[in-house]
$ cat final08.cif   # mmCIF, C-alpha atoms and all ligand atoms
data_my_file
#
loop_
_atom_site.label_atom_id
_atom_site.label_comp_id
_atom_site.auth_asym_id
_atom_site.auth_seq_id
_atom_site.Cartn_x
_atom_site.Cartn_y
_atom_site.Cartn_z
CA MET A 4 8.61 21.70 -22.28
CA THR A 5 8.51 24.83 -20.13
CA THR A 6 8.86 22.63 -17.05
CA LYS A 7 10.53 19.69 -18.86
CA GLU A 8 8.07 17.42 -17.10
CA VAL A 9 8.05 13.74 -18.16
CA LEU A 10 4.41 12.73 -18.76
CA ALA A 11 5.11 9.13 -19.69
CA GLN A 12 8.13 7.04 -20.54
CA GLY A 13 8.40 3.66 -22.18
CA GLY A 14 9.52 1.44 -24.99
CA ILE A 15 8.45 -1.61 -26.94
CA GLU A 16 10.54 -4.77 -26.91
CA LYS A 17 10.47 -7.91 -29.07
CA ILE A 18 8.77 -6.32 -32.10
CA GLY A 19 7.91 -9.11 -34.56
CA LEU A 20 8.68 -11.82 -32.00
CA VAL A 21 6.50 -13.88 -29.69
CA GLY A 22 5.79 -12.10 -26.40
CA SER A 23 6.18 -8.48 -27.51
CA PHE A 24 5.26 -5.85 -24.92
CA LEU A 25 5.25 -2.15 -24.05
CA LYS A 26 7.16 -1.30 -20.89
CA LEU A 27 5.74 1.85 -19.42
CA THR A 28 6.69 4.11 -16.52
CA LEU A 29 3.88 6.34 -15.27
CA PRO A 30 4.50 9.85 -13.90
CA ASN A 31 4.18 8.48 -10.34
CA GLY A 32 7.07 6.10 -11.04
CA GLU A 33 4.85 3.03 -11.28
CA LYS A 34 6.02 0.53 -13.93
CA LYS A 35 3.63 -1.47 -16.14
CA ILE A 36 4.15 -4.19 -18.73
CA LEU A 37 1.43 -4.16 -21.38
CA GLU A 38 1.60 -7.36 -23.43
CA LYS A 39 0.46 -6.99 -27.01
CA ASP A 40 1.16 -8.72 -30.29
CA ILE A 41 3.23 -6.15 -32.20
CA PRO A 42 4.21 -7.54 -35.60
CA GLU A 43 6.01 -4.43 -36.92
CA HIS A 44 6.98 -0.85 -36.05
CA THR A 45 3.89 1.00 -37.31
CA ALA A 46 1.67 -1.14 -35.12
CA GLY A 47 4.06 -0.39 -32.27
CA ILE A 48 3.84 3.39 -32.69
CA GLU A 49 0.08 3.11 -32.99
CA PHE A 50 -0.06 1.15 -29.72
CA ILE A 51 2.14 3.73 -27.97
CA LEU A 52 -0.05 6.62 -29.13
CA ASN A 53 -3.27 4.79 -28.15
CA THR A 54 -1.79 4.10 -24.73
CA LEU A 55 -0.81 7.77 -24.33
CA VAL A 56 -4.44 8.87 -24.80
CA SER A 57 -6.15 5.90 -23.12
CA PRO A 58 -8.16 6.86 -20.01
CA GLU A 59 -6.34 4.23 -17.92
CA TYR A 60 -2.73 5.25 -18.61
CA GLY A 61 -3.49 8.53 -20.33
CA ALA A 62 -0.71 11.06 -20.20
CA ILE A 63 -2.55 13.32 -22.65
CA LYS A 64 -6.21 13.72 -23.59
CA SER A 65 -5.91 13.80 -27.35
CA LEU A 66 -3.33 13.26 -30.06
CA ASP A 67 -3.95 16.89 -31.07
CA GLU A 68 -1.80 17.85 -28.07
CA ILE A 69 1.30 16.49 -29.82
CA ASN A 70 3.03 19.46 -31.46
CA ALA A 71 6.05 17.59 -32.80
CA VAL A 72 7.87 14.25 -32.71
CA GLY A 73 11.63 13.88 -32.25
CA HIS A 74 13.50 10.76 -33.37
CA ARG A 75 16.83 9.23 -32.44
CA MET A 76 18.46 8.60 -35.82
CA VAL A 77 21.73 6.70 -35.62
CA HIS A 78 23.88 7.28 -38.73
CA GLY A 79 23.73 10.67 -40.42
CA GLY A 80 27.08 10.27 -42.20
CA GLU A 81 28.81 13.58 -42.95
CA ARG A 82 25.59 15.24 -43.99
CA PHE A 83 24.21 16.06 -40.53
CA SER A 84 26.17 17.99 -37.92
CA GLU A 85 23.02 19.04 -36.10
CA SER A 86 19.39 18.05 -35.67
CA VAL A 87 17.06 18.79 -38.58
CA LEU A 88 13.40 19.02 -39.54
CA LEU A 89 12.60 15.85 -41.47
CA ASN A 90 11.41 16.18 -45.05
CA LYS A 91 11.74 14.03 -48.16
CA GLU A 92 15.14 15.40 -49.11
CA VAL A 93 16.57 14.87 -45.62
CA LEU A 94 15.15 11.35 -45.44
CA ASP A 95 16.69 10.47 -48.82
CA ALA A 96 20.08 11.59 -47.49
CA PHE A 97 19.49 9.51 -44.35
CA ILE A 98 18.52 6.43 -46.39
CA ALA A 99 21.80 6.85 -48.28
CA CYS A 100 23.55 6.08 -44.95
CA ASN A 101 21.70 2.76 -44.47
CA ASP A 102 24.70 0.68 -45.49
CA LEU A 103 26.77 2.25 -42.72
CA ALA A 104 24.32 1.25 -39.97
CA PRO A 105 22.21 -1.60 -41.30
CA LEU A 106 20.90 -2.57 -37.85
CA HIS A 107 19.87 0.91 -36.74
CA ASN A 108 18.97 3.18 -39.70
CA PRO A 109 16.20 1.12 -41.36
CA ALA A 110 14.50 0.74 -37.97
CA ASN A 111 14.74 4.51 -37.36
CA LEU A 112 13.09 5.13 -40.72
CA LYS A 113 10.25 2.75 -39.87
CA GLY A 114 9.55 4.89 -36.82
CA VAL A 115 9.43 8.06 -38.91
CA ASN A 116 7.15 6.49 -41.51
CA ALA A 117 4.84 5.12 -38.85
CA VAL A 118 4.44 8.55 -37.26
CA SER A 119 3.89 10.11 -40.71
CA ALA A 120 1.10 7.62 -41.35
CA ILE A 121 -0.67 8.25 -38.04
CA LEU A 122 0.08 11.96 -37.51
CA PRO A 123 0.57 13.25 -41.07
CA ASN A 124 0.49 16.93 -40.14
CA VAL A 125 2.82 16.85 -37.16
CA PRO A 126 6.41 18.05 -37.81
CA GLN A 127 9.17 15.52 -37.10
CA VAL A 128 12.79 16.16 -36.18
CA GLY A 129 15.80 13.87 -36.58
CA VAL A 130 18.52 13.88 -33.89
CA PHE A 131 21.61 12.01 -35.08
CA ASP A 132 24.01 9.91 -32.98
CA THR A 133 26.81 10.95 -35.29
CA ALA A 134 26.13 14.72 -35.35
CA PHE A 135 28.03 15.80 -32.22
CA HIS A 136 31.19 14.08 -33.48
CA GLN A 137 31.31 15.99 -36.77
CA THR A 138 33.73 18.49 -35.17
CA MET A 139 36.51 15.85 -35.06
CA PRO A 140 39.59 16.91 -37.05
CA ASP A 141 40.40 14.89 -40.19
CA TYR A 142 43.54 13.32 -38.69
CA ALA A 143 41.33 11.84 -35.94
CA TYR A 144 38.52 10.59 -38.15
CA MET A 145 40.44 9.21 -41.14
CA TYR A 146 41.58 5.58 -41.38
CA ALA A 147 45.05 5.04 -42.83
CA ILE A 148 43.77 3.16 -45.88
CA PRO A 149 43.68 4.25 -49.56
CA TYR A 150 42.13 7.70 -49.65
CA GLU A 151 39.73 6.85 -52.47
CA LEU A 152 37.79 4.52 -50.15
CA TYR A 153 36.82 7.62 -48.18
CA GLU A 154 35.86 9.46 -51.36
CA LYS A 155 33.95 6.51 -52.88
CA TYR A 156 32.15 5.10 -49.84
CA GLY A 157 32.65 7.53 -46.97
CA VAL A 158 34.86 5.08 -45.09
CA ARG A 159 35.99 7.10 -42.06
CA ARG A 160 35.29 7.25 -38.33
CA TYR A 161 31.95 8.85 -37.41
CA GLY A 162 31.35 8.01 -33.74
CA PHE A 163 28.03 7.31 -32.03
CA HIS A 164 26.11 8.02 -28.80
CA GLY A 165 26.69 11.68 -29.72
CA THR A 166 23.41 12.84 -28.22
CA SER A 167 24.50 11.34 -24.90
CA HIS A 168 28.06 12.72 -25.06
CA ARG A 169 26.66 16.16 -25.91
CA TYR A 170 24.14 16.07 -23.05
CA VAL A 171 26.48 14.85 -20.31
CA SER A 172 29.36 17.12 -21.32
CA GLN A 173 27.06 20.17 -21.14
CA ARG A 174 25.25 18.96 -18.03
CA VAL A 175 28.44 18.30 -16.04
CA CYS A 176 29.49 21.95 -16.57
CA GLU A 177 26.10 23.17 -15.32
CA PHE A 178 26.34 20.77 -12.38
CA LEU A 179 29.82 21.98 -11.44
CA GLY A 180 29.05 25.61 -12.25
CA VAL A 181 31.90 25.95 -14.74
CA ASP A 182 32.17 27.29 -18.30
CA PRO A 183 32.71 24.59 -20.98
CA LYS A 184 35.08 27.07 -22.69
CA GLY A 185 38.63 26.17 -21.75
CA LYS A 186 37.62 22.83 -20.21
CA LYS A 187 39.01 19.44 -21.22
CA ILE A 188 36.46 16.70 -20.60
CA ILE A 189 36.49 12.93 -21.12
CA THR A 190 32.98 11.44 -21.29
CA CYS A 191 32.61 7.68 -20.76
CA HIS A 192 29.25 6.36 -21.99
CA ILE A 193 29.28 2.78 -20.73
CA GLY A 194 26.09 0.83 -21.46
CA ASN A 195 25.39 -2.19 -23.62
CA GLY A 196 27.26 -0.37 -26.29
CA GLY A 197 30.01 1.88 -24.97
CA SER A 198 32.05 4.79 -26.25
CA ILE A 199 34.37 7.46 -24.90
CA SER A 200 34.78 11.00 -26.20
CA ALA A 201 37.40 13.70 -25.78
CA ILE A 202 35.78 17.14 -25.57
CA LYS A 203 37.59 20.48 -25.68
CA ASP A 204 35.76 23.82 -25.32
CA GLY A 205 32.47 21.89 -25.60
CA LYS A 206 33.43 20.34 -28.95
CA CYS A 207 34.22 16.69 -29.65
CA ILE A 208 37.79 16.19 -30.88
CA ASP A 209 37.84 12.38 -30.79
CA THR A 210 35.62 9.43 -29.96
CA SER A 211 36.18 5.70 -29.72
CA MET A 212 33.55 4.35 -32.14
CA GLY A 213 34.29 4.42 -35.85
CA LEU A 214 32.62 3.79 -39.19
CA THR A 215 30.22 1.56 -37.26
CA PRO A 216 29.46 1.13 -33.53
CA LEU A 217 31.94 -1.76 -33.35
CA GLU A 218 35.23 0.09 -32.81
CA GLY A 219 36.70 1.06 -29.46
CA LEU A 220 35.71 -0.38 -26.10
CA VAL A 221 35.02 -3.99 -25.17
CA MET A 222 31.20 -4.07 -25.00
CA GLY A 223 28.44 -6.50 -24.01
CA THR A 224 28.60 -8.44 -27.29
CA ARG A 225 31.03 -6.36 -29.40
CA SER A 226 34.78 -6.88 -29.53
CA GLY A 227 35.75 -3.24 -29.87
CA ASP A 228 39.28 -2.65 -31.23
CA ILE A 229 40.83 -5.72 -32.86
CA ASP A 230 43.71 -6.18 -35.30
CA ALA A 231 42.21 -6.19 -38.82
CA GLY A 232 44.73 -8.98 -39.47
CA ALA A 233 42.96 -11.11 -36.86
CA VAL A 234 39.69 -10.48 -38.69
CA THR A 235 40.92 -11.82 -42.04
CA PHE A 236 42.72 -14.69 -40.24
CA ILE A 237 39.49 -15.79 -38.47
CA MET A 238 37.50 -15.47 -41.71
CA GLU A 239 39.90 -17.85 -43.45
CA LYS A 240 40.21 -20.36 -40.60
CA GLU A 241 36.49 -20.48 -39.84
CA GLY A 242 35.29 -20.10 -43.42
CA LEU A 243 33.25 -17.00 -42.64
CA ASN A 244 31.90 -14.49 -45.15
CA ALA A 245 31.31 -10.78 -44.41
CA THR A 246 27.98 -11.41 -42.67
CA GLY A 247 29.47 -14.25 -40.64
CA ILE A 248 32.42 -12.25 -39.32
CA SER A 249 30.19 -9.22 -38.67
CA ASN A 250 27.86 -11.38 -36.55
CA LEU A 251 30.80 -12.87 -34.69
CA LEU A 252 32.34 -9.49 -33.83
CA ASN A 253 29.07 -7.61 -33.16
CA LYS A 254 26.93 -10.21 -31.46
CA LYS A 255 29.08 -13.04 -30.08
CA SER A 256 32.13 -11.19 -28.80
CA GLY A 257 32.82 -8.70 -26.01
CA VAL A 258 32.24 -9.82 -22.42
CA LEU A 259 29.74 -12.43 -23.67
CA GLY A 260 32.30 -13.99 -26.01
CA VAL A 261 35.15 -14.06 -23.51
CA SER A 262 33.18 -15.09 -20.41
CA GLY A 263 30.62 -17.36 -22.06
CA VAL A 264 28.32 -16.12 -19.29
CA SER A 265 26.37 -13.05 -20.41
CA SER A 266 26.53 -9.68 -22.11
CA ASP A 267 24.83 -8.10 -19.10
CA MET A 268 27.27 -6.57 -16.61
CA ARG A 269 25.06 -7.45 -13.63
CA GLU A 270 25.25 -11.12 -14.57
CA LEU A 271 28.96 -10.84 -15.25
CA GLU A 272 29.50 -9.30 -11.81
CA ALA A 273 27.67 -12.25 -10.21
CA ALA A 274 29.90 -14.72 -12.09
CA VAL A 275 32.99 -12.77 -11.00
CA ALA A 276 31.81 -12.91 -7.38
CA ALA A 277 31.39 -16.68 -7.78
CA GLY A 278 35.02 -16.94 -8.93
CA ASN A 279 34.46 -17.82 -12.62
CA PRO A 280 37.94 -17.31 -14.18
CA LYS A 281 36.69 -16.37 -17.69
CA ALA A 282 34.26 -13.87 -16.22
CA ILE A 283 37.11 -12.37 -14.18
CA LEU A 284 39.22 -12.11 -17.33
CA ALA A 285 36.38 -10.53 -19.34
CA GLU A 286 35.79 -7.93 -16.63
CA LYS A 287 39.47 -7.05 -16.43
CA MET A 288 39.63 -6.61 -20.22
CA TYR A 289 36.51 -4.46 -20.14
CA PHE A 290 37.90 -2.08 -17.47
CA TYR A 291 41.41 -2.03 -18.93
CA ARG A 292 40.20 -0.86 -22.36
CA ILE A 293 38.34 2.06 -20.78
CA LYS A 294 41.46 3.04 -18.83
CA LYS A 295 43.58 2.94 -22.01
CA TYR A 296 41.18 5.26 -23.83
CA ILE A 297 41.16 7.70 -20.92
CA GLY A 298 44.96 7.80 -21.07
CA ALA A 299 44.91 8.29 -24.84
CA TYR A 300 42.35 11.07 -24.67
CA ALA A 301 44.18 12.86 -21.86
CA ALA A 302 47.12 12.94 -24.28
CA ALA A 303 44.93 14.05 -27.21
CA LEU A 304 43.47 16.87 -25.09
CA GLY A 305 46.82 17.86 -23.58
CA GLY A 306 45.44 17.25 -20.07
CA VAL A 307 42.06 16.66 -18.51
CA ASP A 308 39.86 18.65 -16.12
CA ILE A 309 36.80 16.42 -15.85
CA ILE A 310 36.21 12.69 -16.37
CA LEU A 311 32.60 11.58 -16.24
CA PHE A 312 30.76 8.28 -16.30
CA THR A 313 27.30 7.65 -17.75
CA GLY A 314 25.21 4.82 -19.28
CA GLY A 315 23.75 1.80 -17.47
CA VAL A 316 27.15 0.55 -16.26
CA GLY A 317 28.81 3.94 -15.80
CA GLU A 318 25.92 5.24 -13.72
CA ASN A 319 25.47 2.16 -11.55
CA GLN A 320 28.56 0.02 -11.30
CA ALA A 321 30.87 1.51 -8.67
CA ASN A 322 33.69 -1.00 -9.17
CA CYS A 323 33.84 -0.20 -12.90
CA ARG A 324 34.57 3.44 -12.03
CA SER A 325 37.05 2.67 -9.25
CA GLU A 326 38.95 0.01 -11.26
CA VAL A 327 39.15 2.28 -14.30
CA CYS A 328 40.53 5.18 -12.24
CA GLU A 329 42.91 3.07 -10.19
CA GLY A 330 46.51 3.85 -11.09
CA LEU A 331 45.63 7.18 -12.71
CA GLU A 332 46.88 9.13 -9.67
CA PHE A 333 49.92 10.14 -11.77
CA MET A 334 47.62 12.29 -13.92
CA GLY A 335 45.81 13.80 -10.97
CA VAL A 336 42.88 11.39 -10.65
CA LYS A 337 41.94 10.39 -7.11
CA ILE A 338 38.61 8.66 -6.41
CA ASP A 339 36.83 8.90 -3.05
CA LEU A 340 35.60 5.33 -2.54
CA GLU A 341 32.81 6.45 -0.21
CA LYS A 342 31.46 9.03 -2.69
CA ASN A 343 31.86 6.48 -5.48
CA LYS A 344 29.11 4.32 -3.94
CA VAL A 345 26.53 6.54 -5.66
CA ARG A 346 24.05 4.93 -8.11
CA GLY A 347 22.17 6.62 -10.92
CA GLU A 348 22.42 10.20 -9.68
CA GLU A 349 24.55 13.23 -10.39
CA ALA A 350 27.55 13.31 -8.09
CA ILE A 351 31.22 14.14 -7.79
CA ILE A 352 33.11 10.96 -6.91
CA SER A 353 36.67 12.30 -6.80
CA ALA A 354 38.44 13.22 -3.57
CA ASP A 355 38.50 16.88 -2.51
CA ASP A 356 42.21 17.08 -3.32
CA SER A 357 41.90 15.34 -6.72
CA LYS A 358 43.28 17.57 -9.48
CA VAL A 359 40.82 16.07 -11.97
CA THR A 360 37.11 16.17 -11.11
CA VAL A 361 35.52 12.75 -11.61
CA ALA A 362 31.71 12.71 -11.81
CA VAL A 363 28.67 10.54 -12.48
CA ILE A 364 26.06 12.18 -14.76
CA PRO A 365 23.04 10.05 -15.74
CA THR A 366 22.44 10.54 -19.45
CA ASP A 367 19.17 11.92 -20.84
CA GLU A 368 19.07 11.48 -24.60
CA GLU A 369 15.27 11.93 -24.59
CA LEU A 370 15.55 15.40 -23.06
CA MET A 371 18.15 16.33 -25.69
CA ILE A 372 15.87 15.09 -28.48
CA ALA A 373 12.89 16.97 -27.05
CA SER A 374 14.94 20.18 -26.61
CA ASP A 375 16.32 20.04 -30.17
CA THR A 376 12.84 19.37 -31.50
CA LEU A 377 11.44 22.38 -29.66
CA ALA A 378 14.29 24.61 -30.83
CA ILE A 379 13.69 23.64 -34.47
CA LEU A 380 9.96 24.15 -34.09
CA ASN A 381 10.56 27.64 -32.71
CA LYS A 382 12.93 28.62 -35.53
N1 LIG B 1 22.49 -1.49 -11.18
C1 LIG B 1 23.35 -1.88 -12.11
N2 LIG B 1 24.56 -2.38 -11.76
C2 LIG B 1 25.44 -2.79 -12.70
N3 LIG B 1 25.19 -2.75 -14.02
C3 LIG B 1 24.01 -2.25 -14.41
C4 LIG B 1 23.03 -1.78 -13.49
N4 LIG B 1 21.96 -1.33 -14.19
C5 LIG B 1 22.27 -1.52 -15.49
N5 LIG B 1 23.48 -2.07 -15.62
C6 LIG B 1 24.14 -2.49 -16.85
O1 LIG B 1 24.05 -1.50 -17.84
C7 LIG B 1 24.06 -2.14 -19.13
C8 LIG B 1 22.96 -1.53 -19.98
O2 LIG B 1 23.20 -0.16 -20.10
P1 LIG B 1 22.26 0.81 -20.95
O3 LIG B 1 22.87 2.16 -20.90
O4 LIG B 1 20.86 0.65 -20.49
O5 LIG B 1 22.45 0.16 -22.38
P2 LIG B 1 21.93 0.54 -23.84
O6 LIG B 1 21.19 1.85 -23.75
O7 LIG B 1 23.18 0.62 -24.63
O8 LIG B 1 21.07 -0.62 -24.23
C9 LIG B 1 23.91 -3.64 -18.87
O9 LIG B 1 25.16 -4.27 -18.99
C10 LIG B 1 23.45 -3.69 -17.44
O10 LIG B 1 23.85 -4.86 -16.78
C1 LIG B 2 25.04 3.23 -31.81
C2 LIG B 2 25.01 2.32 -30.65
O1 LIG B 2 25.95 1.59 -30.38
O2 LIG B 2 23.91 2.36 -29.91
P1 LIG B 2 23.49 1.34 -28.76
O3 LIG B 2 24.52 1.45 -27.67
O4 LIG B 2 22.15 1.88 -28.35
O5 LIG B 2 23.44 -0.01 -29.40
MG MG B 3 21.57 3.58 -24.69
#

$ encode --input "final08.cif" --output "structure tokens"
Amino acid sequence: MTTKEVLAQGGIEKIGLVGSFLKLTLPNGEKKILEKDIPEHTAGIEFILNTLVSPEYGAIKSLDEINAVGHRMVHGGERFSESVLLNKEVLDAFIACNDLAPLHNPANLKGVNAVSAILPNVPQVGVFDTAFHQTMPDYAYMYAIPYELYEKYGVRRYGFHGTSHRYVSQRVCEFLGVDPKGKKIITCHIGNGGSISAIKDGKCIDTSMGLTPLEGLVMGTRSGDIDAGAVTFIMEKEGLNATGISNLLNKKSGVLGVSGVSSDMRELEAAVAAGNPKAILAEKMYFYRIKKYIGAYAAALGGVDIILFTGGVGENQANCRSEVCEGLEFMGVKIDLEKNKVRGEEAIISADDSKVTVAVIPTDEELMIASDTLAILNK
């Protein structure tokens, strides 16, 4: 961690399915796919650790070299406003949030348990997606529904991708050589899931995701904002129960649902280039929603100094950035189309005479997790 050197990077896909594999990037940049039957998460963690120490791919010589393990944990509710050392009491509080993120939290816990089983004496740290957003004021995080639903079940807006919003908002200030104090920043994390945050003096004051990662932007397969009246209407017309409507809005909507083509923005771009009208519509909706949130957050912040793009789409797709910023000249946003051609690297993409600085900052949630873990270890 002194040099922040990446020794190995990778992830397992298709756990419990046919054709599961570990995708690995070696320090020299070489990519490998290691196919392996991985029925559940503990076997997956075991395979990762064995790969780390194997002579062929070995990044380390022995598991004894691992001083700590940091985990991305998605929903920490109101309990966690910063990263914490994991112990039984903390994990019980985390499990209590399972209902709020049924897709993410149980999987996170499996990762923790697997590491505990294999490396019982190594400290583990939890880094929560929701933590950075805990500074939102109540009038931004409350829903206008009966107050007792907040008291009984914690129904409120929490926000997600907080580790990414925290990293890029700090990093952009380092990159530009400015102090976060006094700065108004809008961070656009646009990946498979997408969210936007408004950040004042380094603190989050609003973010587009809510109780769950469904609110806000149009995403790959998620609808984002939708009239709750439309939700109950569809449930009645289509005879859907809670699970049915949740699947429809989380997995079959967004650009996939509108275009019928794909949830992947590269494939959507290809369909747009081929003139597919539904793909063109889906793309316009996707960009328009981002623009609306930028306008809203400029108002919430009382102005904006920096707008930045991150995430798979935000880092790579130039026309997303230019379409989103088009027409925002009135608020001092002027993109330089030549500079905007950048892909996956830190850059300023606004014109020299743009009042607002627009930037691309590739996110690095892993570095944030490692840094938090080290800081807690050193405490
Ligand atoms: N070179 C690229 N050009 C356009 N879109 C890209 C590019 N690379 C990745 N993407 C898009 O980024 C999205 C995935 O973003 P990512 O941040 O990896 O998602 P997540 O972490 O939420 O799974 C996909 O829609 C993908 O098509
Ligand atoms: C919380 C969330 O939406 O995460 P992801 O974008 O990784 O699905
Ligand atoms: Mg991501």

$ residues_near_ligand --input "final08.cif" --ligand "ligand LIG 1 (chain B)" --cutoff "6 Å" --atoms "only C-alpha atoms and all ligand atoms" --output "ChimeraX atom specification"
/A:194-196,267-269,314-316,319-320

$ closest_residue --input "final08.cif" --among "A:Arg82, A:Lys34, A:Lys281, A:His164" --to "ligand MG 3 (chain B)" --atoms "all atoms listed in the file"
A:His164

$ residues_near_ligand --input "final08.cif" --ligand "ligand LIG 2 (chain B)" --cutoff "10 Å" --atoms "all atoms listed in the file" --output "mmCIF file with C-alpha atoms, in the coordinates of the input"
data_model
loop_
_atom_site.group_PDB
_atom_site.id
_atom_site.type_symbol
_atom_site.label_atom_id
_atom_site.label_comp_id
_atom_site.auth_asym_id
_atom_site.auth_seq_id
_atom_site.Cartn_x
_atom_site.Cartn_y
_atom_site.Cartn_z
ATOM 1 C CA ARG A 75 16.830 9.230 -32.440
ATOM 2 C CA MET A 76 18.460 8.600 -35.820
ATOM 3 C CA VAL A 77 21.730 6.700 -35.620
ATOM 4 C CA HIS A 78 23.880 7.280 -38.730
ATOM 5 C CA ALA A 104 24.320 1.250 -39.970
ATOM 6 C CA LEU A 106 20.900 -2.570 -37.850
ATOM 7 C CA HIS A 107 19.870 0.910 -36.740
ATOM 8 C CA ASN A 108 18.970 3.180 -39.700
ATOM 9 C CA PHE A 131 21.610 12.010 -35.080
ATOM 10 C CA ASP A 132 24.010 9.910 -32.980
ATOM 11 C CA THR A 133 26.810 10.950 -35.290
ATOM 12 C CA GLY A 162 31.350 8.010 -33.740
ATOM 13 C CA PHE A 163 28.030 7.310 -32.030
ATOM 14 C CA HIS A 164 26.110 8.020 -28.800
ATOM 15 C CA GLY A 165 26.690 11.680 -29.720
ATOM 16 C CA HIS A 192 29.250 6.360 -21.990
ATOM 17 C CA ILE A 193 29.280 2.780 -20.730
ATOM 18 C CA GLY A 194 26.090 0.830 -21.460
ATOM 19 C CA ASN A 195 25.390 -2.190 -23.620
ATOM 20 C CA GLY A 196 27.260 -0.370 -26.290
ATOM 21 C CA GLY A 197 30.010 1.880 -24.970
ATOM 22 C CA SER A 198 32.050 4.790 -26.250
ATOM 23 C CA MET A 212 33.550 4.350 -32.140
ATOM 24 C CA THR A 215 30.220 1.560 -37.260
ATOM 25 C CA PRO A 216 29.460 1.130 -33.530
ATOM 26 C CA LEU A 217 31.940 -1.760 -33.350
ATOM 27 C CA GLU A 218 35.230 0.090 -32.810
ATOM 28 C CA MET A 222 31.200 -4.070 -25.000
ATOM 29 C CA GLY A 223 28.440 -6.500 -24.010
ATOM 30 C CA ARG A 225 31.030 -6.360 -29.400
ATOM 31 C CA GLY A 314 25.210 4.820 -19.280
#

$ atom_distance --input "final08.cif" --atom1 "atom CA of Ala362 of chain A" --atom2 "atom CA of Phe135 of chain A"
21.0 Å

$ atom_distance --input "final08.cif" --atom1 "atom CA of Asp67 of chain A" --atom2 "atom CA of Asn53 of chain A"
12.5 Å

$ atom_distance --input "final08.cif" --atom1 "atom CA of Ile121 of chain A" --atom2 "atom CA of Leu37 of chain A"
20.9 Å

$ residues_around --input "final08.cif" --residues "segment 337-350 of chain A" --least-positions-apart "3" --cutoff "10 Å" --atoms "all atoms listed in the file" --output "PyMOL selection string"
chain A and resi 174-175+178-179+311-322+324-326+328-334+353-366

$ residues_around --input "final08.cif" --residues "segment 152-155 of chain A" --least-positions-apart "6" --cutoff "12 Å" --atoms "all atoms listed in the file" --output "PyMOL selection string"
chain A and resi 80-81+141+144-146+161+214

$ residues_around --input "final08.cif" --residues "Cys176 of chain A" --least-positions-apart "5" --cutoff "10 Å" --atoms "all atoms listed in the file" --output "ChimeraX atom specification"
/A:171,181-184,186,188,205,309

$ closest_residue --input "final08.cif" --among "A:Ser23, A:Asn111, A:Ala276, A:Ala301" --to "Ile199 of chain A" --atoms "all atoms listed in the file"
A:Ala301

$ axis_aligned_box --input "final08.cif" --around "segment 273-277 of chain A" --padding-each-side "3 Å" --output "JSON"
{"center_x": 30.3, "center_y": -14.5, "center_z": -9.7, "size_x": 11.3, "size_y": 10.4, "size_z": 10.7}

$ decode --input "final08.cif" --residues "segment 128-140 of chain A" --atoms "C-alpha atoms" --output "short mmCIF file (atom, residue, chain, number, x, y, z; two decimals), in the first residue's frame"
data_model
loop_
_atom_site.label_atom_id
_atom_site.label_comp_id
_atom_site.auth_asym_id
_atom_site.auth_seq_id
_atom_site.Cartn_x
_atom_site.Cartn_y
_atom_site.Cartn_z
CA VAL A 128 -13.26 -4.29 6.86
CA GLY A 129 -16.65 -3.35 5.40
CA VAL A 130 -16.88 -0.39 2.99
CA PHE A 131 -20.51 0.58 2.38
CA ASP A 132 -22.05 1.94 -0.84
CA THR A 133 -24.47 3.94 1.27
CA ALA A 134 -21.97 5.46 3.74
CA PHE A 135 -20.86 8.53 1.75
CA HIS A 136 -24.48 9.62 1.28
CA GLN A 137 -25.27 9.70 5.00
CA THR A 138 -24.53 13.46 5.02
CA MET A 139 -27.68 14.19 2.97
CA PRO A 140 -30.09 16.50 4.80
#
